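Novice: One structure, as structure tokens, below. Some questions next.
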Amino acid sequence: MATTSKNILFITILLLIMFLTNIKANDNSTIPKFSSLLIFGDSTVDTGNNNYIPTLLKANRLPYGKDFPGHTPTGRFSNGKLVPDIIATLLGIKDSVPAFLDPNVSDQDIVTGVSFASAGTGFDDLTAHISNVISISGQIDMFNDYIVRLTRILGEDKAKKNIAESLVIISAATNDFSIDYYDIPIRRLLFSVSGYQDFLLSKLQDLIEKIYELGCRNIMVAGLPPVGCLPIQMTAKFRIPIRTCLEEQNSDARAYNEKLGKLLPEIQAKLNGSKVLYADIYKPLNKLIQDPKKYGFVETTKGCCGTGLLEVSFLCNVQTPLCANASQYVFFDSIHPSEATYKFITQSLIQDLLPKLIGGP
């Protein structure tokens, strides 16, 4: 059953690639064709920036990256590729998206896009401060540095065109809730959950408006996952040995996503020439958690690394025992999805967003 489901997933992705190729062959005006990918957010899209800053939140050691090309830990919090890498491949841009802070990033990498994301961050600056990582405002500073280098490579006019034709992916807010509101409830002293959702969404809107001013026009914003189903959240609430999702946290995530889905079209309407899309990651991840065997998965309540209850970052290392097959686990460590899960999520995003991207930037 697991092998069959994985084959079905592979065939579906292959058909999507063929579909995109066929569109390109018949009508270049209708393919969602982007010059580059530009990534902002947290560990779900950090491809290695935390390797180059003084923080404990790093994934630069095995077993992270064990299934990445070359079996090399790159700083990605998974056993393999992340959603931006998979999307870059499907859109024919490149095989993976490098971290901007990587000193080996080439001029071609700059032209085709990089990630500014930092594991442990959030839209709330307090989240980044607690984790000693790069805040969203810091990521905007990095983007400004990126523009300087891109302009040096392409010239001012071509650089502006390149940015306008890029696809921006934003993924954050999970850490804001899990760290600042639930586990270390600093923000709960100041905000109701609805008030904190609104606070974060105002920060997100600031980010979108700032990168729009810097030339970005095509922006995809990920919502929250089912936060209460993250293994570490279940552990924090002593869901041992009976592992069940925390419905209150999931309900909060759904409420946030509903607000986000309503906000983004309003932002798009205010920003002339923009396309601001909501990327639903809650539904595909929840599908896997609720009916894993249907999709070839076995374990949903703990990660592949160690006990799967707490291990993340430096606690997931070469001495930590691993599961036999990471592709059967929804989560690789106690927080982050496995590459197989990221592929499933990307499949869902492509199916949902492709019709909205047709016509190109």
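Each chain in the structure tokens gets a letter, A, B, ..., in the order shown, and its residues are numbered from 1; ligands are numbered from 1 in order too.
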For Pro225 of chain A, please output as a compact mmCIF listing (two decimals) with C-alpha atoms, in the first residue's frame all residues within 9 Å (counting only C-alpha atoms; exclusion window: fewer than 2 positions along the same chain).

Specialist:
```
# COMPACT_ATOMS: atom_id res chain seq x y z
CA THR A 174 3.83 28.93 13.61
CA ALA A 222 1.31 30.13 3.56
CA GLY A 223 -1.22 29.79 6.32
CA VAL A 227 -0.24 23.46 15.10
CA GLY A 228 -1.82 21.22 17.73
CA CYS A 229 -0.72 18.15 15.78
CA LEU A 230 3.00 19.00 15.86
CA ASN A 250 -5.86 23.62 15.74
CA ALA A 253 -4.88 27.92 13.46
CA ARG A 254 -8.06 27.54 11.41
CA ASP A 280 -3.43 26.42 2.29
CA ILE A 281 -1.04 24.01 4.00
CA TYR A 282 -3.46 23.10 6.80
CA LYS A 283 -5.71 20.89 4.68
CA LEU A 285 -1.13 18.19 6.22
CA ASN A 286 -4.33 17.40 8.10
```

Novice: Could you please write out, as a list in words, every residue of segment 137-211 of chain A that DSSP assigns to strand (DSSP E or B)?

Specialist: Leu167, Val168, Ile169, Ile170 and Ser171 of chain A

Novice: Those residues with N, CA, C and O atoms, as a compact mmCIF listing (two decimals), in the first residue's frame please?

Specialist:
```
# COMPACT_ATOMS: atom_id res chain seq x y z
N LEU A 167 8.63 35.03 -8.05
CA LEU A 167 7.57 34.50 -7.19
C LEU A 167 8.07 34.55 -5.76
O LEU A 167 9.09 33.92 -5.44
N VAL A 168 7.38 35.27 -4.92
CA VAL A 168 7.74 35.38 -3.50
C VAL A 168 6.92 34.37 -2.70
O VAL A 168 5.72 34.24 -2.89
N ILE A 169 7.60 33.65 -1.81
CA ILE A 169 6.93 32.73 -0.90
C ILE A 169 7.19 33.19 0.53
O ILE A 169 8.34 33.41 0.92
N ILE A 170 6.11 33.36 1.30
CA ILE A 170 6.21 33.77 2.70
C ILE A 170 5.61 32.67 3.56
O ILE A 170 4.47 32.25 3.34
N SER A 171 6.36 32.20 4.54
CA SER A 171 5.87 31.14 5.44
C SER A 171 6.36 31.42 6.86
O SER A 171 7.56 31.28 7.15
```

Novice: I need the residues of segment 193-256 of chain A that end up classed as helix (DSSP H, G or I) by DSSP on the backbone, written out as a ChimeraX atom specification.

Specialist: /A:193-213,227-229,231-236,247-256

Novice: Put those residues in a file: N, CA and C atoms, as a tab-separated table (two decimals), in the first residue's frame.

Specialist:
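Contents of result38.tsv, as written:
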```tsv
chain	number	residue	atom	x	y	z
A	193	VAL	N	-6.40	35.46	21.92
A	193	VAL	CA	-5.89	34.76	20.74
A	193	VAL	C	-6.31	35.48	19.47
A	194	SER	N	-7.53	36.01	19.44
A	194	SER	CA	-7.98	36.76	18.27
A	194	SER	C	-7.18	38.04	18.09
A	195	GLY	N	-6.88	38.71	19.20
A	195	GLY	CA	-6.08	39.92	19.14
A	195	GLY	C	-4.68	39.64	18.64
A	196	TYR	N	-4.11	38.51	19.08
A	196	TYR	CA	-2.74	38.17	18.63
A	196	TYR	C	-2.74	37.81	17.14
A	197	GLN	N	-3.77	37.13	16.69
A	197	GLN	CA	-3.89	36.83	15.26
A	197	GLN	C	-3.89	38.13	14.46
A	198	ASP	N	-4.67	39.10	14.92
A	198	ASP	CA	-4.74	40.38	14.21
A	198	ASP	C	-3.40	41.11	14.24
A	199	PHE	N	-2.71	41.02	15.37
A	199	PHE	CA	-1.39	41.64	15.50
A	199	PHE	C	-0.41	41.05	14.48
A	200	LEU	N	-0.40	39.73	14.38
A	200	LEU	CA	0.51	39.06	13.43
A	200	LEU	C	0.14	39.38	11.99
A	201	LEU	N	-1.14	39.42	11.70
A	201	LEU	CA	-1.57	39.72	10.34
A	201	LEU	C	-1.21	41.15	9.94
A	202	SER	N	-1.21	42.07	10.92
A	202	SER	CA	-0.78	43.43	10.62
A	202	SER	C	0.71	43.46	10.29
A	203	LYS	N	1.48	42.64	10.99
A	203	LYS	CA	2.92	42.53	10.69
A	203	LYS	C	3.14	41.93	9.31
A	204	LEU	N	2.35	40.93	8.97
A	204	LEU	CA	2.43	40.32	7.64
A	204	LEU	C	2.10	41.36	6.57
A	205	GLN	N	1.06	42.14	6.79
A	205	GLN	CA	0.69	43.16	5.81
A	205	GLN	C	1.82	44.17	5.63
A	206	ASP	N	2.49	44.54	6.72
A	206	ASP	CA	3.63	45.44	6.62
A	206	ASP	C	4.72	44.84	5.73
A	207	LEU	N	4.98	43.54	5.91
A	207	LEU	CA	6.00	42.86	5.11
A	207	LEU	C	5.62	42.89	3.63
A	208	ILE	N	4.38	42.52	3.32
A	208	ILE	CA	3.95	42.49	1.92
A	208	ILE	C	4.06	43.87	1.29
A	209	GLU	N	3.64	44.91	2.02
A	209	GLU	CA	3.70	46.26	1.48
A	209	GLU	C	5.14	46.72	1.25
A	210	LYS	N	6.05	46.31	2.15
A	210	LYS	CA	7.45	46.72	2.00
A	210	LYS	C	8.11	46.04	0.81
A	211	ILE	N	7.85	44.73	0.63
A	211	ILE	CA	8.49	44.07	-0.51
A	211	ILE	C	7.81	44.48	-1.83
A	212	TYR	N	6.55	44.88	-1.75
A	212	TYR	CA	5.89	45.44	-2.94
A	212	TYR	C	6.59	46.74	-3.35
A	213	GLU	N	6.87	47.59	-2.35
A	213	GLU	CA	7.57	48.85	-2.63
A	213	GLU	C	8.95	48.59	-3.23
A	227	VAL	N	-1.31	23.29	14.10
A	227	VAL	CA	-0.24	23.46	15.10
A	227	VAL	C	-0.38	22.45	16.24
A	228	GLY	N	-1.60	22.15	16.62
A	228	GLY	CA	-1.82	21.22	17.73
A	228	GLY	C	-1.47	19.79	17.42
A	229	CYS	N	-1.13	19.50	16.16
A	229	CYS	CA	-0.72	18.15	15.78
A	229	CYS	C	0.80	18.02	15.65
A	231	PRO	N	4.27	17.17	16.83
A	231	PRO	CA	4.65	16.27	17.94
A	231	PRO	C	5.12	17.01	19.19
A	232	ILE	N	5.90	18.08	19.01
A	232	ILE	CA	6.42	18.78	20.18
A	232	ILE	C	5.32	19.47	20.96
A	233	GLN	N	4.26	19.90	20.28
A	233	GLN	CA	3.14	20.54	20.98
A	233	GLN	C	2.37	19.52	21.80
A	234	MET	N	2.21	18.33	21.26
A	234	MET	CA	1.55	17.27	22.03
A	234	MET	C	2.38	16.92	23.26
A	235	THR	N	3.69	16.86	23.07
A	235	THR	CA	4.58	16.54	24.19
A	235	THR	C	4.51	17.62	25.27
A	236	ALA	N	4.48	18.89	24.83
A	236	ALA	CA	4.44	20.01	25.78
A	236	ALA	C	3.20	19.97	26.67
A	247	GLU	N	-6.90	20.17	19.99
A	247	GLU	CA	-7.93	20.78	19.16
A	247	GLU	C	-8.01	22.28	19.35
A	248	GLU	N	-7.75	22.78	20.57
A	248	GLU	CA	-7.81	24.22	20.78
A	248	GLU	C	-6.80	24.95	19.91
A	249	GLN	N	-5.58	24.42	19.84
A	249	GLN	CA	-4.55	25.03	19.00
A	249	GLN	C	-4.88	24.91	17.52
A	250	ASN	N	-5.45	23.78	17.13
A	250	ASN	CA	-5.86	23.62	15.74
A	250	ASN	C	-6.99	24.58	15.39
A	251	SER	N	-7.91	24.77	16.32
A	251	SER	CA	-9.01	25.71	16.09
A	251	SER	C	-8.48	27.13	15.92
A	252	ASP	N	-7.48	27.49	16.74
A	252	ASP	CA	-6.85	28.81	16.60
A	252	ASP	C	-6.19	28.95	15.24
A	253	ALA	N	-5.54	27.89	14.77
A	253	ALA	CA	-4.88	27.92	13.46
A	253	ALA	C	-5.91	28.11	12.35
A	254	ARG	N	-7.02	27.41	12.44
A	254	ARG	CA	-8.06	27.54	11.41
A	254	ARG	C	-8.64	28.96	11.40
A	255	ALA	N	-8.82	29.53	12.59
A	255	ALA	CA	-9.35	30.90	12.68
A	255	ALA	C	-8.36	31.90	12.06
A	256	TYR	N	-7.07	31.71	12.34
A	256	TYR	CA	-6.04	32.56	11.75
A	256	TYR	C	-6.07	32.45	10.23
```

Novice: Write out as number ranges by chain which residues come within 8 Å of segment 47-63 of chain A when counting only C-alpha atoms, dropping same-chain ones fewer than 3 positions away.

Specialist: A: 43, 66, 72-77, 79, 82, 97-102, 115-120, 131-133, 305, 313-314, 316-318

Novice: Quote the spacing between atom CA of Leu189 of chain A and atom CA of Phe238 of chain A in Å to one decimal place.

Specialist: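 Atom-to-atom, atom CA of Leu189 of chain A to atom CA of Phe238 of chain A, that is 22.6 Å.
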
Novice: Tell me which of A:Thr44, A:Ser106, A:Ser35, A:Ser96 sits closest to Ile345 of chain A, counting only C-alpha atoms.

Specialist: A:Thr44

Novice: Restricting the calculation to only C-alpha atoms, which member of A:Asn257, A:Gln347, A:Ser78, A:Thr127 is positioned closest to Gly303 of chain A?

Specialist: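 Closest to Gly303 of chain A of all the choices is A:Ser78.
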
Novice: Just the number, please: distance in Å from atom CA of Ile87 of chain A to atom CA of Ile350 of chain A, one decimal.

Specialist: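 Separation of atom CA of Ile87 of chain A and atom CA of Ile350 of chain A: 8.2 Å.
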
Novice: Contacts of Ile136 of chain A at 7 Å or less, counting only C-alpha atoms, minus same-chain residues fewer than 3 places along, as a ChimeraX atom specification?

Specialist: /A:122-123,139-140

Novice: Go ahead and compute the interatomic distance for atom CA of Thr301 of chain A and atom CA of Arg243 of chain A, in Å to one decimal.

Specialist: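 About the pair atom CA of Thr301 of chain A and atom CA of Arg243 of chain A: they are 6.2 Å apart.
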
Novice: Identify which of the residues A:Ala173, A:Val312, A:Asn162, A:Ile242 lies closest to Cys216 of chain A, counting only C-alpha atoms when measuring atom-to-atom distances.

Specialist: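 Between A:Ala173, A:Val312, A:Asn162, A:Ile242, the residue approaching Cys216 of chain A most closely is A:Asn162.
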
Novice: Counting only C-alpha atoms, which of A:Thr307, A:Gln351, A:Ser274, A:Thr341 gets nearest to Ile289 of chain A?

Specialist: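 Using only C-alpha atoms, the shortest distance to Ile289 of chain A belongs to A:Thr341.
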
Novice: Using only C-alpha atoms for the distances, tell me which of A:Thr112, A:Leu224, A:Asp125, A:Phe34 is nearest to Leu260 of chain A.

Specialist: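 The shortest atom-to-atom distance to Leu260 of chain A comes from A:Leu224.
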